[in-house]
Amino acid sequence: MSARMQVSLSEDRRTATLVFLDGSGVEGTIAFTLEQLGELIASLGTVRSAMVENVPPPPIEGAPVVPVFRTNWAVQPEALSEGSLIAFQHPAYGPVGLALAPEDARRVAQALTRHQAMMHSGRGDTGLPS
């Protein structure tokens, strides 16, 4: 079963249009500004998060990942877990963050340190735990 809708970007890149395709059970189109599209993505993310709340996260190994290269980011203390928060502007989803418990923050720092040492020594593996 495929989604019976299509989203296209206007030539001037100022609006996106959602078109309901034949067989979708819905007729018409909806145009979104950048702000409206961001609000829709955030709302859909909130709903999806609630839908998977009691489902274990799937493995990340082997999952396709689209890296973000151009962004603003920050690392800050995370009060609830007493760990760290890595936050960044994702071009598709807006501001997102990863909260790390103290032990996970230490593991990430160690892995990044090992990775940098390997990159400077010419080794090719990442040093990240598998």
# chains A, B, ... in the order shown; residues from 1 in each chain; ligands from 1
call {"tool": "select_by_dssp", "arguments": {"residues": "segment 59-119 of chain A", "states": "helix (DSSP H, G or I)", "output": "ChimeraX atom specification"}}
result
/A:102-119
call {"tool": "residues_around", "arguments": {"residues": "segment 4-14 of chain A", "least_positions_apart": "4", "cutoff": "7 Å", "atoms": "only C-alpha atoms", "output": "list in words"}}
result
Leu18, Val19, Phe20, Leu21, Gly23, Ser24, Thr33 and Leu34 of chain A
call {"tool": "write_last_selection", "arguments": {"atoms": "C-alpha atoms", "output": "short mmCIF file (atom, residue, chain, number, x, y, z; two decimals), in the first residue's frame"}}
result
data_model
loop_
_atom_site.label_atom_id
_atom_site.label_comp_id
_atom_site.auth_asym_id
_atom_site.auth_seq_id
_atom_site.Cartn_x
_atom_site.Cartn_y
_atom_site.Cartn_z
CA LEU A 18 0.15 18.50 -1.30
CA VAL A 19 -1.92 16.82 -4.02
CA PHE A 20 -4.26 13.93 -3.20
CA LEU A 21 -4.02 11.31 -5.95
CA GLY A 23 -7.65 6.32 -5.05
CA SER A 24 -6.80 8.32 -1.95
CA THR A 33 4.24 28.15 3.26
CA LEU A 34 7.58 27.25 4.89
#
call {"tool": "atom_distance", "arguments": {"atom1": "atom CA of His115 of chain A", "atom2": "atom CA of Ala99 of chain A"}}
result
21.1 Å
call {"tool": "atom_distance", "arguments": {"atom1": "atom CA of Thr29 of chain A", "atom2": "atom CA of Ile41 of chain A"}}
result
17.1 Å
call {"tool": "closest_residue", "arguments": {"among": "A:Leu100, A:Tyr93, A:Thr71, A:Pro58", "to": "Leu44 of chain A", "atoms": "only C-alpha atoms"}}
result
A:Tyr93
call {"tool": "closest_atom_pairs", "arguments": {"of": "segment 8-56 of chain A", "to": "segment 80-92 of chain A", "cutoff": "12 Å", "atoms": "only C-alpha atoms", "output": "CSV"}}
result
residue,atom,partner,partner_atom,distance
A:Leu34,CA,A:Ala92,CA,10.9
A:Leu37,CA,A:Ala92,CA,10.0
A:Gly38,CA,A:Ala92,CA,8.5
A:Glu39,CA,A:Ala92,CA,11.8
A:Leu40,CA,A:Ala92,CA,11.7
A:Ile41,CA,A:Ala92,CA,8.5
A:Ala42,CA,A:Ala92,CA,10.4
A:Gly45,CA,A:Ala92,CA,11.6
call {"tool": "write_last_selection", "arguments": {"atoms": "N, CA and C atoms", "output": "mmCIF file, in the first residue's frame"}}
result
data_model
loop_
_atom_site.group_PDB
_atom_site.id
_atom_site.type_symbol
_atom_site.label_atom_id
_atom_site.label_comp_id
_atom_site.auth_asym_id
_atom_site.auth_seq_id
_atom_site.Cartn_x
_atom_site.Cartn_y
_atom_site.Cartn_z
ATOM 1 N N LEU A 34 6.513 27.891 4.106
ATOM 2 C CA LEU A 34 7.576 27.254 4.888
ATOM 3 C C LEU A 34 7.160 27.117 6.349
ATOM 4 N N LEU A 37 4.400 24.464 6.688
ATOM 5 C CA LEU A 37 4.958 23.127 6.485
ATOM 6 C C LEU A 37 5.731 22.688 7.733
ATOM 7 N N GLY A 38 6.486 23.607 8.323
ATOM 8 C CA GLY A 38 7.194 23.300 9.566
ATOM 9 C C GLY A 38 6.244 22.918 10.692
ATOM 10 N N GLU A 39 5.131 23.647 10.805
ATOM 11 C CA GLU A 39 4.127 23.328 11.825
ATOM 12 C C GLU A 39 3.503 21.957 11.576
ATOM 13 N N LEU A 40 3.238 21.638 10.306
ATOM 14 C CA LEU A 40 2.675 20.331 9.971
ATOM 15 C C LEU A 40 3.661 19.213 10.304
ATOM 16 N N ILE A 41 4.930 19.396 9.938
ATOM 17 C CA ILE A 41 5.947 18.383 10.231
ATOM 18 C C ILE A 41 6.055 18.177 11.737
ATOM 19 N N ALA A 42 6.065 19.265 12.503
ATOM 20 C CA ALA A 42 6.145 19.154 13.966
ATOM 21 C C ALA A 42 4.928 18.421 14.523
ATOM 22 N N GLY A 45 5.173 14.792 13.674
ATOM 23 C CA GLY A 45 6.191 14.176 14.529
ATOM 24 C C GLY A 45 5.669 13.894 15.918
#
call {"tool": "select_by_dssp", "arguments": {"residues": "chain A", "states": "strand (DSSP E or B)", "output": "ChimeraX atom specification"}}
result
/A:5-9,15-20,29-33,73-78,83-90,94-100
call {"tool": "atom_distance", "arguments": {"atom1": "atom CA of Gly62 of chain A", "atom2": "atom CA of Ala3 of chain A"}}
result
24.4 Å
